[in-house]
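Asks: Contents are TSV, C-alpha atoms and all ligand atoms; file name coords_28.tsv:
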```
chain	number	residue	atom	x	y	z
Y	1	MET	CA	-47.76	-9.49	-64.57
Y	2	THR	CA	-49.79	-7.21	-62.34
Y	3	ASP	CA	-52.59	-6.09	-64.64
Y	4	PRO	CA	-55.75	-7.86	-63.51
Y	5	ARG	CA	-56.72	-11.00	-65.43
Y	6	TRP	CA	-59.77	-13.13	-64.91
Y	7	LEU	CA	-61.51	-16.34	-65.78
Y	8	ALA	CA	-64.72	-18.17	-64.89
Y	9	ARG	CA	-65.35	-21.86	-64.37
Y	10	GLY	CA	-68.68	-23.67	-64.03
Y	11	GLU	CA	-69.51	-26.49	-61.67
Y	12	ALA	CA	-70.27	-28.75	-64.63
Y	13	THR	CA	-66.55	-28.82	-65.48
Y	14	LEU	CA	-65.46	-30.01	-62.01
Y	15	PRO	CA	-63.80	-33.42	-62.37
Y	16	ASP	CA	-64.62	-36.44	-60.24
Y	17	GLY	CA	-61.87	-37.42	-57.84
Y	18	THR	CA	-59.21	-35.41	-56.06
Y	19	ARG	CA	-56.08	-35.96	-58.14
Y	20	TRP	CA	-56.04	-32.26	-59.04
Y	21	LEU	CA	-55.96	-31.16	-55.38
Y	22	ALA	CA	-52.94	-30.69	-53.11
Y	23	PRO	CA	-53.11	-33.05	-50.10
Y	24	ALA	CA	-54.12	-30.27	-47.70
Y	25	GLU	CA	-56.90	-29.19	-50.07
Y	26	ALA	CA	-58.21	-32.73	-50.38
Y	27	ALA	CA	-58.24	-33.00	-46.57
Y	28	ARG	CA	-60.10	-29.69	-46.23
Y	29	ALA	CA	-62.66	-30.68	-48.86
Y	30	ALA	CA	-63.21	-34.02	-47.12
Y	31	ALA	CA	-63.84	-32.21	-43.83
Y	32	LEU	CA	-66.64	-30.10	-45.37
Y	33	ALA	CA	-69.70	-32.21	-44.60
Y	34	TYR	CA	-72.28	-30.15	-46.45
Y	35	PRO	CA	-72.29	-30.81	-50.22
Y	36	LYS	CA	-72.96	-27.13	-50.95
Y	37	ARG	CA	-69.91	-25.94	-49.01
Y	38	ARG	CA	-67.70	-28.74	-50.38
Y	39	THR	CA	-68.71	-28.08	-53.99
Y	40	GLU	CA	-68.20	-24.32	-53.61
Y	41	TYR	CA	-64.78	-24.85	-52.04
Y	42	LEU	CA	-63.75	-27.18	-54.87
Y	43	LEU	CA	-65.12	-24.87	-57.56
Y	44	ARG	CA	-63.18	-21.92	-56.17
Y	45	ARG	CA	-59.96	-24.00	-56.17
Y	46	TRP	CA	-60.73	-25.16	-59.73
Y	47	ALA	CA	-61.05	-21.55	-60.95
Y	48	VAL	CA	-57.89	-20.32	-59.20
Y	49	LYS	CA	-55.81	-23.25	-60.40
Y	50	HIS	CA	-56.93	-22.75	-63.99
Y	51	ALA	CA	-56.13	-19.04	-63.76
Y	52	VAL	CA	-52.65	-19.82	-62.42
Y	53	ALA	CA	-52.09	-22.45	-65.12
Y	54	ALA	CA	-53.06	-19.92	-67.81
Y	55	ILE	CA	-50.83	-17.20	-66.33
Y	56	THR	CA	-47.78	-19.41	-65.83
Y	57	GLY	CA	-48.17	-21.55	-68.97
Y	58	ARG	CA	-48.51	-24.62	-66.79
Y	59	SER	CA	-50.47	-27.66	-67.91
Y	60	ALA	CA	-54.03	-27.94	-66.63
Y	61	GLU	CA	-53.71	-31.73	-66.30
Y	62	PRO	CA	-54.71	-33.00	-62.82
Y	63	ALA	CA	-51.18	-33.80	-61.62
Y	64	SER	CA	-50.02	-30.34	-62.67
Y	65	LEU	CA	-52.94	-28.60	-60.98
Y	66	ALA	CA	-52.18	-30.53	-57.78
Y	67	GLY	CA	-48.87	-28.64	-57.66
Y	68	VAL	CA	-50.80	-25.35	-57.49
Y	69	GLU	CA	-52.05	-24.99	-53.93
Y	70	VAL	CA	-54.53	-22.33	-52.78
Y	71	PRO	CA	-54.40	-22.01	-48.97
Y	72	ASN	CA	-55.86	-19.17	-46.93
Y	73	THR	CA	-54.27	-16.73	-44.51
Y	74	PRO	CA	-55.79	-16.68	-41.00
Y	75	ASP	CA	-58.17	-13.87	-42.05
Y	76	GLY	CA	-59.47	-16.04	-44.90
Y	77	ALA	CA	-57.73	-14.40	-47.88
Y	78	PRO	CA	-56.44	-16.81	-50.52
Y	79	TYR	CA	-52.86	-17.06	-51.72
Y	80	VAL	CA	-51.11	-19.32	-54.20
Y	81	LEU	CA	-48.18	-21.68	-53.86
Y	82	VAL	CA	-46.76	-23.19	-57.05
Y	83	ASP	CA	-44.77	-26.31	-56.28
Y	84	GLY	CA	-44.49	-24.94	-52.74
Y	85	ALA	CA	-43.24	-21.46	-53.69
Y	86	PRO	CA	-45.32	-18.25	-53.52
Y	87	LEU	CA	-46.71	-17.26	-56.93
Y	88	GLY	CA	-45.97	-13.57	-56.31
Y	89	ILE	CA	-49.33	-12.48	-57.72
Y	90	ASP	CA	-52.41	-11.81	-55.61
Y	91	VAL	CA	-55.60	-13.68	-56.35
Y	92	SER	CA	-59.19	-13.24	-55.33
Y	93	VAL	CA	-61.92	-15.80	-55.88
Y	94	THR	CA	-65.69	-15.87	-55.64
Y	95	ASP	CA	-68.53	-18.21	-56.48
Y	96	ARG	CA	-72.26	-17.96	-56.96
Y	97	ALA	CA	-74.87	-20.38	-58.24
Y	98	GLY	CA	-72.49	-22.94	-59.68
Y	99	TRP	CA	-69.96	-20.53	-61.18
Y	100	ALA	CA	-66.65	-19.28	-59.82
Y	101	VAL	CA	-64.46	-16.39	-60.95
Y	102	CYS	CA	-60.80	-15.87	-60.14
Y	103	VAL	CA	-59.11	-12.50	-60.62
Y	104	ALA	CA	-55.32	-12.37	-60.44
Y	105	GLY	CA	-53.41	-9.11	-60.09
Y	106	ARG	CA	-52.10	-6.79	-57.41
Y	107	ARG	CA	-54.23	-6.10	-54.31
Y	108	VAL	CA	-57.43	-7.24	-56.01
Y	109	GLY	CA	-60.77	-8.37	-54.67
Y	110	CYS	CA	-63.58	-9.82	-56.75
Y	111	ASP	CA	-67.17	-10.82	-56.17
Y	112	LEU	CA	-69.80	-12.52	-58.29
Y	113	GLU	CA	-73.51	-12.08	-57.59
Y	114	LEU	CA	-76.70	-13.23	-59.22
Y	115	VAL	CA	-78.96	-10.44	-60.40
Y	116	GLU	CA	-81.88	-11.31	-58.15
Y	117	PRO	CA	-84.39	-9.34	-56.10
Y	118	ARG	CA	-83.06	-7.78	-52.90
Y	119	SER	CA	-85.55	-6.80	-50.23
Y	120	PRO	CA	-86.09	-3.17	-49.22
Y	121	ALA	CA	-84.77	-4.15	-45.77
Y	122	PHE	CA	-81.55	-5.47	-47.34
Y	123	VAL	CA	-81.03	-2.23	-49.27
Y	124	ARG	CA	-81.84	-0.11	-46.21
Y	125	ASP	CA	-79.64	-2.09	-43.81
Y	126	PHE	CA	-76.52	-2.65	-45.92
Y	127	LEU	CA	-76.29	0.28	-48.37
Y	128	THR	CA	-75.45	3.92	-47.65
Y	129	ALA	CA	-78.07	6.64	-48.19
Y	130	ALA	CA	-76.48	7.66	-51.52
Y	131	GLU	CA	-76.35	4.03	-52.67
Y	132	GLN	CA	-80.00	3.57	-51.69
Y	133	ARG	CA	-80.89	6.60	-53.87
Y	134	PHE	CA	-78.90	5.11	-56.77
Y	135	VAL	CA	-80.89	1.87	-56.49
Y	136	ALA	CA	-84.26	3.57	-56.00
Y	137	ALA	CA	-83.71	5.73	-59.11
Y	138	ARG	CA	-83.68	2.58	-61.31
Y	139	PRO	CA	-86.93	1.21	-62.72
Y	140	ALA	CA	-88.32	-1.61	-60.58
Y	141	GLY	CA	-87.43	-5.07	-61.90
Y	142	ASP	CA	-84.18	-6.19	-63.50
Y	143	ASP	CA	-82.63	-2.69	-63.57
Y	144	ARG	CA	-83.19	-2.12	-59.87
Y	145	ASP	CA	-82.14	-5.68	-58.96
Y	146	ALA	CA	-78.98	-5.26	-61.03
Y	147	ALA	CA	-78.17	-1.95	-59.30
Y	148	ALA	CA	-78.64	-3.38	-55.78
Y	149	ASN	CA	-76.53	-6.46	-56.53
Y	150	LEU	CA	-73.87	-4.37	-58.26
Y	151	ILE	CA	-73.44	-2.10	-55.24
Y	152	TRP	CA	-73.44	-5.07	-52.87
Y	153	SER	CA	-70.91	-6.95	-54.99
Y	154	ALA	CA	-68.59	-3.93	-55.18
Y	155	LYS	CA	-68.66	-3.69	-51.38
Y	156	GLU	CA	-67.74	-7.37	-51.06
Y	157	SER	CA	-64.90	-6.93	-53.55
Y	158	ALA	CA	-63.62	-3.90	-51.64
Y	159	LEU	CA	-63.87	-5.68	-48.28
Y	160	LYS	CA	-61.83	-8.53	-49.76
Y	161	VAL	CA	-59.11	-6.05	-50.79
Y	162	LEU	CA	-59.14	-4.69	-47.23
Y	163	ARG	CA	-59.04	-8.33	-46.03
Y	164	THR	CA	-61.85	-7.73	-43.54
Y	165	GLY	CA	-64.72	-9.35	-45.43
Y	166	LEU	CA	-68.11	-8.82	-43.84
Y	167	ARG	CA	-66.60	-8.43	-40.38
Y	168	ARG	CA	-66.82	-4.76	-41.28
Y	169	ASP	CA	-70.01	-2.68	-41.63
Y	170	THR	CA	-70.85	-2.62	-45.34
Y	171	ARG	CA	-72.00	1.01	-45.00
Y	172	SER	CA	-68.47	2.04	-44.01
Y	173	VAL	CA	-67.42	1.76	-47.65
Y	174	ALA	CA	-69.26	3.90	-50.21
Y	175	VAL	CA	-69.53	2.70	-53.79
Y	176	SER	CA	-70.17	4.75	-56.92
Y	177	VAL	CA	-70.33	3.26	-60.39
Y	178	GLY	CA	-70.02	4.44	-63.98
Y	179	SER	CA	-71.92	3.18	-67.01
Y	180	PRO	CA	-70.42	0.27	-68.94
Y	181	GLY	CA	-68.38	0.96	-72.04
Y	182	GLU	CA	-68.52	-0.86	-75.38
Y	183	ASP	CA	-66.43	-3.71	-73.97
Y	184	GLY	CA	-68.97	-4.25	-71.18
Y	185	TRP	CA	-66.78	-2.97	-68.34
Y	186	GLY	CA	-67.93	-0.06	-66.21
Y	187	THR	CA	-65.77	1.73	-63.67
Y	188	LEU	CA	-66.38	1.80	-59.97
Y	189	SER	CA	-64.86	3.66	-57.05
Y	190	VAL	CA	-65.00	2.83	-53.36
Y	191	ARG	CA	-64.32	5.21	-50.51
Y	192	GLY	CA	-64.06	4.47	-46.82
Y	193	ALA	CA	-63.34	7.02	-44.11
Y	194	GLU	CA	-59.84	5.86	-43.21
Y	195	ASP	CA	-58.84	3.68	-46.15
Y	196	THR	CA	-56.96	4.21	-49.35
Y	197	PRO	CA	-59.55	4.89	-52.04
Y	198	MET	CA	-60.16	1.96	-54.33
Y	199	THR	CA	-61.05	1.83	-57.97
Y	200	GLY	CA	-62.32	-1.05	-59.98
Y	201	TRP	CA	-64.46	-2.47	-62.67
Y	202	TRP	CA	-67.80	-4.15	-63.05
Y	203	ARG	CA	-69.63	-6.00	-65.79
Y	204	ARG	CA	-72.98	-7.65	-66.32
Y	205	GLU	CA	-72.52	-11.22	-67.47
Y	206	GLY	CA	-75.92	-12.66	-68.31
Y	207	ALA	CA	-77.64	-13.60	-65.06
Y	208	PHE	CA	-74.61	-12.43	-63.04
Y	209	VAL	CA	-72.82	-9.24	-62.12
Y	210	LEU	CA	-69.06	-9.33	-61.54
Y	211	THR	CA	-67.06	-6.67	-59.70
Y	212	VAL	CA	-63.32	-6.21	-59.23
Y	213	ALA	CA	-61.82	-3.74	-56.74
Y	214	THR	CA	-58.20	-2.75	-56.28
Y	215	THR	CA	-56.04	-0.14	-54.60
Y	216	GLU	CA	-53.88	-0.07	-57.74
Y	217	PRO	CA	-55.57	1.96	-60.49
Y	218	GLY	CA	-54.90	0.37	-63.85
Y	219	PRO	CA	-56.37	-1.20	-66.94
Y	220	ARG	CA	-59.55	-3.21	-66.94
Y	221	PRO	CA	-59.30	-6.95	-66.32
Y	222	VAL	CA	-58.28	-9.06	-69.29
Y	223	PRO	CA	-59.87	-12.48	-69.84
Y	224	LEU	CA	-57.48	-15.41	-69.44
Y	225	ASP	CA	-59.48	-17.62	-71.75
Y	226	ARG	CA	-62.40	-17.50	-74.12
Y	227	PRO	CA	-64.64	-14.75	-72.76
Y	228	GLY	CA	-68.39	-15.19	-72.74
Y	229	SER	CA	-68.93	-18.47	-70.88
Y	230	LEU	CA	-70.37	-16.67	-67.89
Y	231	ALA	CA	-72.54	-14.44	-70.05
Y	232	THR	CA	-74.50	-17.44	-71.29
Y	233	ALA	CA	-74.24	-19.50	-68.09
Y	234	THR	CA	-77.28	-20.94	-66.39
Y	235	PRO	CA	-77.17	-20.39	-62.63
Y	236	ARG	CA	-76.99	-23.81	-61.03
Y	237	HIS	CA	-77.93	-25.05	-57.58
Y	238	SER	CA	-77.00	-28.72	-57.92
Y	239	TRP	CA	-76.41	-29.14	-54.17
Y	240	LEU	CA	-80.15	-28.69	-53.59
Y	241	ALA	CA	-80.54	-32.35	-54.50
Y	242	ARG	CA	-78.31	-33.28	-51.54
Y	243	PRO	CA	-78.46	-30.41	-49.03
Y	244	SER	CA	-77.66	-32.45	-45.89
Y	245	PRO	CA	-74.32	-33.62	-44.57
Y	246	ARG	CA	-73.37	-36.95	-46.09
S	301	LIG	C1	-64.97	-12.68	-47.52
S	301	LIG	C2	-66.48	-12.86	-47.63
S	301	LIG	C3	-67.09	-11.47	-47.82
S	301	LIG	C4	-66.77	-13.78	-48.82
S	301	LIG	O1	-68.10	-13.74	-49.12
S	301	LIG	P1	-69.00	-14.85	-49.86
S	301	LIG	O2	-69.92	-14.08	-50.72
S	301	LIG	O3	-69.56	-15.71	-48.81
S	301	LIG	O4	-68.08	-15.80	-50.70
S	301	LIG	P2	-67.30	-15.65	-52.10
S	301	LIG	O5	-67.55	-16.89	-52.84
S	301	LIG	O6	-67.58	-14.36	-52.80
S	301	LIG	O7	-65.79	-15.59	-51.61
S	301	LIG	C5	-65.22	-16.65	-50.88
S	301	LIG	C6	-63.75	-16.42	-50.89
S	301	LIG	O8	-63.46	-15.16	-50.28
S	301	LIG	C7	-62.10	-15.20	-49.89
S	301	LIG	N1	-61.96	-14.57	-48.58
S	301	LIG	C8	-62.44	-15.01	-47.39
S	301	LIG	N2	-62.07	-14.17	-46.41
S	301	LIG	C9	-61.35	-13.18	-47.00
S	301	LIG	C10	-60.70	-12.04	-46.51
S	301	LIG	N3	-60.67	-11.72	-45.21
S	301	LIG	N4	-60.04	-11.24	-47.38
S	301	LIG	C11	-60.02	-11.53	-48.70
S	301	LIG	N5	-60.63	-12.62	-49.24
S	301	LIG	C12	-61.29	-13.43	-48.38
S	301	LIG	C13	-61.66	-16.66	-49.86
S	301	LIG	O9	-60.81	-16.89	-50.98
S	301	LIG	C14	-62.97	-17.41	-50.05
S	301	LIG	O10	-62.84	-18.64	-50.75
S	301	LIG	P3	-61.94	-19.83	-50.13
S	301	LIG	O11	-62.25	-19.89	-48.66
S	301	LIG	O12	-62.38	-21.04	-50.88
S	301	LIG	O13	-60.51	-19.47	-50.41
S	301	LIG	C15	-67.08	-13.50	-46.36
S	301	LIG	O14	-66.69	-14.86	-46.30
S	301	LIG	C16	-66.62	-12.82	-45.09
S	301	LIG	O15	-67.11	-11.78	-44.73
S	301	LIG	N6	-65.66	-13.37	-44.38
S	301	LIG	C17	-65.11	-12.72	-43.20
S	301	LIG	C18	-65.54	-13.35	-41.95
S	301	LIG	C19	-65.22	-14.80	-41.87
S	301	LIG	O16	-66.05	-15.54	-41.42
S	301	LIG	N7	-64.06	-15.27	-42.33
S	301	LIG	C20	-63.74	-16.66	-42.31
S	301	LIG	C21	-62.28	-16.86	-42.52
S	301	LIG	S1	-61.45	-17.23	-40.99
```
Is it possible to give me this structure as structure tokens?

Replies:
Amino acid sequence: MTDPRWLARGEATLPDGTRWLAPAEAARAAALAYPKRRTEYLLRRWAVKHAVAAITGRSAEPASLAGVEVPNTPDGAPYVLVDGAPLGIDVSVTDRAGWAVCVAGRRVGCDLELVEPRSPAFVRDFLTAAEQRFVAARPAGDDRDAAANLIWSAKESALKVLRTGLRRDTRSVAVSVGSPGEDGWGTLSVRGAEDTPMTGWWRREGAFVLTVATTEPGPRPVPLDRPGSLATATPRHSWLARPSPR
């Protein structure tokens, strides 16, 4: 299985307790003092574990999910161990406003963003000149916000594939996007001076935009479960009630 597959999980489905975590994950979660960071960490693990369960046919019961561990390499990239053995499939994971998406495949990166206003300074500082023109050509409001967040998200996805994250200048990778097709997926391409060109996909999902980048051109991502939950999702900021360390 190398074709990209994806699923989304919302914070509202996170269980109480830690029975579904591997011991190292439970320890890491416990060490995250800020509720926002702890919840995001847990939600990302929840999404990856459910994706792995769906791909491998494994039960999604807590004890079974605890056997799926999602550590990080020193650069921060996630990988998956199933009962201690490498899964053999790459994963990328992202969260925003109470929702997490996992994409599994080969050399994939994914990023989820809210469609929200981005300041002119943000667009000027982080997007290339051509990307700035793409954004400016959209009518002000949702269209322009969607364009700015789409370009930004595609850069984050690409920088995850390259394993650098935002250590690298976001203007060093240039994004171009195609219009979405009937299934909601649009194409994207990412070029950087010295890197292998990347292709990918993007889709608008309600209040969110999701991008997937890869160095392996192939079919569009396939949903691992009932599609549409993200499209009707309400962005959630539950941690605002408890923003301080416990
Ligand atoms: C990678 C990065 C762009 C993610 O951006 P974000 O919008 O804050 O967060 P997202 O929710 O979209 O993604 C978070 C996930 O990105 C993944 N990630 C982090 N660093 C990564 C890297 N170098 N390559 C690929 N994926 C990476 C992780 O899976 C992380 O979730 P996890 O820590 O729970 O496993 C950002 O964290 C970054 O630039 N990191 C590089 C610098 C850094 O501080 N790294 C810390 C690791 S030592």

Asks: Select from chain Y every residue with an atom at most 10 Å from any atom of ligand LIG 301 (chain S), then for each give the shortest pair of atoms and their distance in Å to one decimal, using only C-alpha atoms and all ligand atoms, rows by chain and rising number, as CSV.

Replies:
```
residue,atom,partner,partner_atom,distance
Y:Glu25,CA,S:LIG301,O12,9.9
Y:Ala29,CA,S:LIG301,O12,9.9
Y:Arg37,CA,S:LIG301,O12,9.2
Y:Arg38,CA,S:LIG301,O12,9.4
Y:Thr39,CA,S:LIG301,O12,10.0
Y:Glu40,CA,S:LIG301,O12,7.2
Y:Tyr41,CA,S:LIG301,O12,4.6
Y:Leu42,CA,S:LIG301,O12,7.4
Y:Leu43,CA,S:LIG301,O12,8.2
Y:Arg44,CA,S:LIG301,O12,5.4
Y:Arg45,CA,S:LIG301,O12,6.5
Y:Trp46,CA,S:LIG301,O12,9.9
Y:Val48,CA,S:LIG301,O13,9.2
Y:Val70,CA,S:LIG301,O13,7.0
Y:Pro71,CA,S:LIG301,O13,6.8
Y:Asn72,CA,S:LIG301,O13,5.8
Y:Thr73,CA,S:LIG301,S1,8.0
Y:Pro74,CA,S:LIG301,S1,5.7
Y:Asp75,CA,S:LIG301,N3,4.6
Y:Gly76,CA,S:LIG301,N2,3.5
Y:Ala77,CA,S:LIG301,N5,3.7
Y:Pro78,CA,S:LIG301,O9,4.4
Y:Tyr79,CA,S:LIG301,O9,8.0
Y:Val91,CA,S:LIG301,O9,8.1
Y:Ser92,CA,S:LIG301,O9,5.9
Y:Val93,CA,S:LIG301,O9,5.1
Y:Thr94,CA,S:LIG301,O5,3.5
Y:Asp95,CA,S:LIG301,O5,4.0
Y:Arg96,CA,S:LIG301,O5,6.3
Y:Ala97,CA,S:LIG301,O5,9.7
Y:Trp99,CA,S:LIG301,O5,9.4
Y:Ala100,CA,S:LIG301,O5,7.4
Y:Val101,CA,S:LIG301,O5,8.7
Y:Cys102,CA,S:LIG301,O9,9.2
Y:Arg107,CA,S:LIG301,C11,9.7
Y:Val108,CA,S:LIG301,C11,8.9
Y:Gly109,CA,S:LIG301,C11,6.8
Y:Cys110,CA,S:LIG301,O6,7.2
Y:Asp111,CA,S:LIG301,O6,4.9
Y:Leu112,CA,S:LIG301,O6,6.2
Y:Glu113,CA,S:LIG301,O6,8.0
Y:Trp152,CA,S:LIG301,O2,9.9
Y:Ser153,CA,S:LIG301,O2,8.4
Y:Lys155,CA,S:LIG301,C3,8.7
Y:Glu156,CA,S:LIG301,C3,5.3
Y:Ser157,CA,S:LIG301,C3,7.6
Y:Ala158,CA,S:LIG301,C11,8.9
Y:Leu159,CA,S:LIG301,C3,6.6
Y:Lys160,CA,S:LIG301,C11,3.7
Y:Val161,CA,S:LIG301,C11,5.9
Y:Leu162,CA,S:LIG301,N4,6.6
Y:Arg163,CA,S:LIG301,N4,3.4
Y:Thr164,CA,S:LIG301,N3,4.5
Y:Gly165,CA,S:LIG301,O15,3.5
Y:Leu166,CA,S:LIG301,O15,3.2
Y:Arg167,CA,S:LIG301,C18,5.3
Y:Arg168,CA,S:LIG301,O15,7.8
Y:Thr170,CA,S:LIG301,O15,9.9
```

Asks: Mind giving me the straight-line distance from CA of Ile89 in chain Y to CA of Thr2 in chain Y in Å, one decimal?

Replies: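 Straight-line distance from CA of Ile89 in chain Y to CA of Thr2 in chain Y works out to 7.0 Å.
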
Asks: Which residue, Y:Ile55, Y:Val209, Y:Ala121, Y:Ala130, has the smallest gap to Ser176 in chain Y when you use only C-alpha atoms?

Replies: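 For Ser176 in chain Y, the nearest of the candidates is Y:Ala130.
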
Asks: From the list Y:Ser229, Y:Thr196, Y:Ser119, Y:Thr187, which residue is nearest Val212 in chain Y when using all atoms listed in the file?

Replies: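 Using all atoms listed in the file, the shortest distance to Val212 in chain Y belongs to Y:Thr187.
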
Asks: Would you compute an axis-aligned box for range 78-88 of chain Y, covering every atom listed for it in the file with 8 Å of margin on each side, and report centre and edge lengths in Å to one decimal as lines of an AutoDock Vina configuration file?

Replies:
```
center_x = -49.8
center_y = -19.9
center_z = -53.8
size_x = 29.2
size_y = 28.7
size_z = 22.5
```

Asks: Report, in Å to a single decimal, how far apart CA of Arg106 in chain Y and CA of Pro197 in chain Y are.

Replies: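 Rounded to one decimal, the two atoms are 14.9 Å apart.
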
Asks: What is the distance between CA of Lys36 in chain Y and CA of Asp16 in chain Y, in Å to one decimal?

Replies: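 One can read the CA of Lys36 in chain Y to CA of Asp16 in chain Y distance as 15.6 Å.
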
Asks: Pick out the closest residue to Pro223 in chain Y from this set: Y:Val103, Y:Val123, Y:Leu87, Y:Ala207. Count only C-alpha atoms.

Replies: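 The shortest atom-to-atom distance to Pro223 in chain Y comes from Y:Val103.
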
Asks: Choose the residue, out of Y:Glu11, Y:Asp143, Y:Glu131, Y:Glu116, that has the smallest atom-to-atom separation from Phe208 in chain Y; count only C-alpha atoms.

Replies: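 Going through Y:Glu11, Y:Asp143, Y:Glu131, Y:Glu116 one by one, the smallest distance to Phe208 in chain Y is for Y:Glu116.
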
Asks: Which residue out of Y:Val80, Y:Leu210, Y:Ala31, Y:Val175 has the minimum interatomic distance to Val115 in chain Y when only C-alpha atoms are used?

Replies: Y:Leu210

Asks: Show me the residues close to (-72.1, 1.2, -58.6) - anything with an atom within 12 Å, counting only C-alpha atoms - and format the list as a VMD selection string.

Replies: chain Y and resid 127 to 128 130 to 135 138 144 146 to 155 157 173 to 180 185 to 191 199 to 204 209 to 213

Asks: Could those selected residues go to a file with C-alpha atoms, as a compact mmCIF listing (two decimals), in the frame of the given file?

Replies:
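Contents of result-v8.txt, freshly written:
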```txt
# COMPACT_ATOMS: atom_id res chain seq x y z
CA LEU Y 127 -76.29 0.28 -48.37
CA THR Y 128 -75.45 3.92 -47.65
CA ALA Y 130 -76.48 7.66 -51.52
CA GLU Y 131 -76.35 4.03 -52.67
CA GLN Y 132 -80.00 3.57 -51.69
CA ARG Y 133 -80.89 6.60 -53.87
CA PHE Y 134 -78.90 5.11 -56.77
CA VAL Y 135 -80.89 1.87 -56.49
CA ARG Y 138 -83.68 2.58 -61.31
CA ARG Y 144 -83.19 -2.12 -59.87
CA ALA Y 146 -78.98 -5.26 -61.03
CA ALA Y 147 -78.17 -1.95 -59.30
CA ALA Y 148 -78.64 -3.38 -55.78
CA ASN Y 149 -76.53 -6.46 -56.53
CA LEU Y 150 -73.87 -4.37 -58.26
CA ILE Y 151 -73.44 -2.10 -55.24
CA TRP Y 152 -73.44 -5.07 -52.87
CA SER Y 153 -70.91 -6.95 -54.99
CA ALA Y 154 -68.59 -3.93 -55.18
CA LYS Y 155 -68.66 -3.69 -51.38
CA SER Y 157 -64.90 -6.93 -53.55
CA VAL Y 173 -67.42 1.76 -47.65
CA ALA Y 174 -69.26 3.90 -50.21
CA VAL Y 175 -69.53 2.70 -53.79
CA SER Y 176 -70.17 4.75 -56.92
CA VAL Y 177 -70.33 3.26 -60.39
CA GLY Y 178 -70.02 4.44 -63.98
CA SER Y 179 -71.92 3.18 -67.01
CA PRO Y 180 -70.42 0.27 -68.94
CA TRP Y 185 -66.78 -2.97 -68.34
CA GLY Y 186 -67.93 -0.06 -66.21
CA THR Y 187 -65.77 1.73 -63.67
CA LEU Y 188 -66.38 1.80 -59.97
CA SER Y 189 -64.86 3.66 -57.05
CA VAL Y 190 -65.00 2.83 -53.36
CA ARG Y 191 -64.32 5.21 -50.51
CA THR Y 199 -61.05 1.83 -57.97
CA GLY Y 200 -62.32 -1.05 -59.98
CA TRP Y 201 -64.46 -2.47 -62.67
CA TRP Y 202 -67.80 -4.15 -63.05
CA ARG Y 203 -69.63 -6.00 -65.79
CA ARG Y 204 -72.98 -7.65 -66.32
CA VAL Y 209 -72.82 -9.24 -62.12
CA LEU Y 210 -69.06 -9.33 -61.54
CA THR Y 211 -67.06 -6.67 -59.70
CA VAL Y 212 -63.32 -6.21 -59.23
CA ALA Y 213 -61.82 -3.74 -56.74
```

Asks: In terms of the shortest atom-to-atom distance over all atoms listed in the file, which of Y:Leu230, Y:Ala30, Y:Ala85, Y:Met198 is closest to Gly17 in chain Y?

Replies: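 Ranked by minimum distance to Gly17 in chain Y, first place goes to Y:Ala30.
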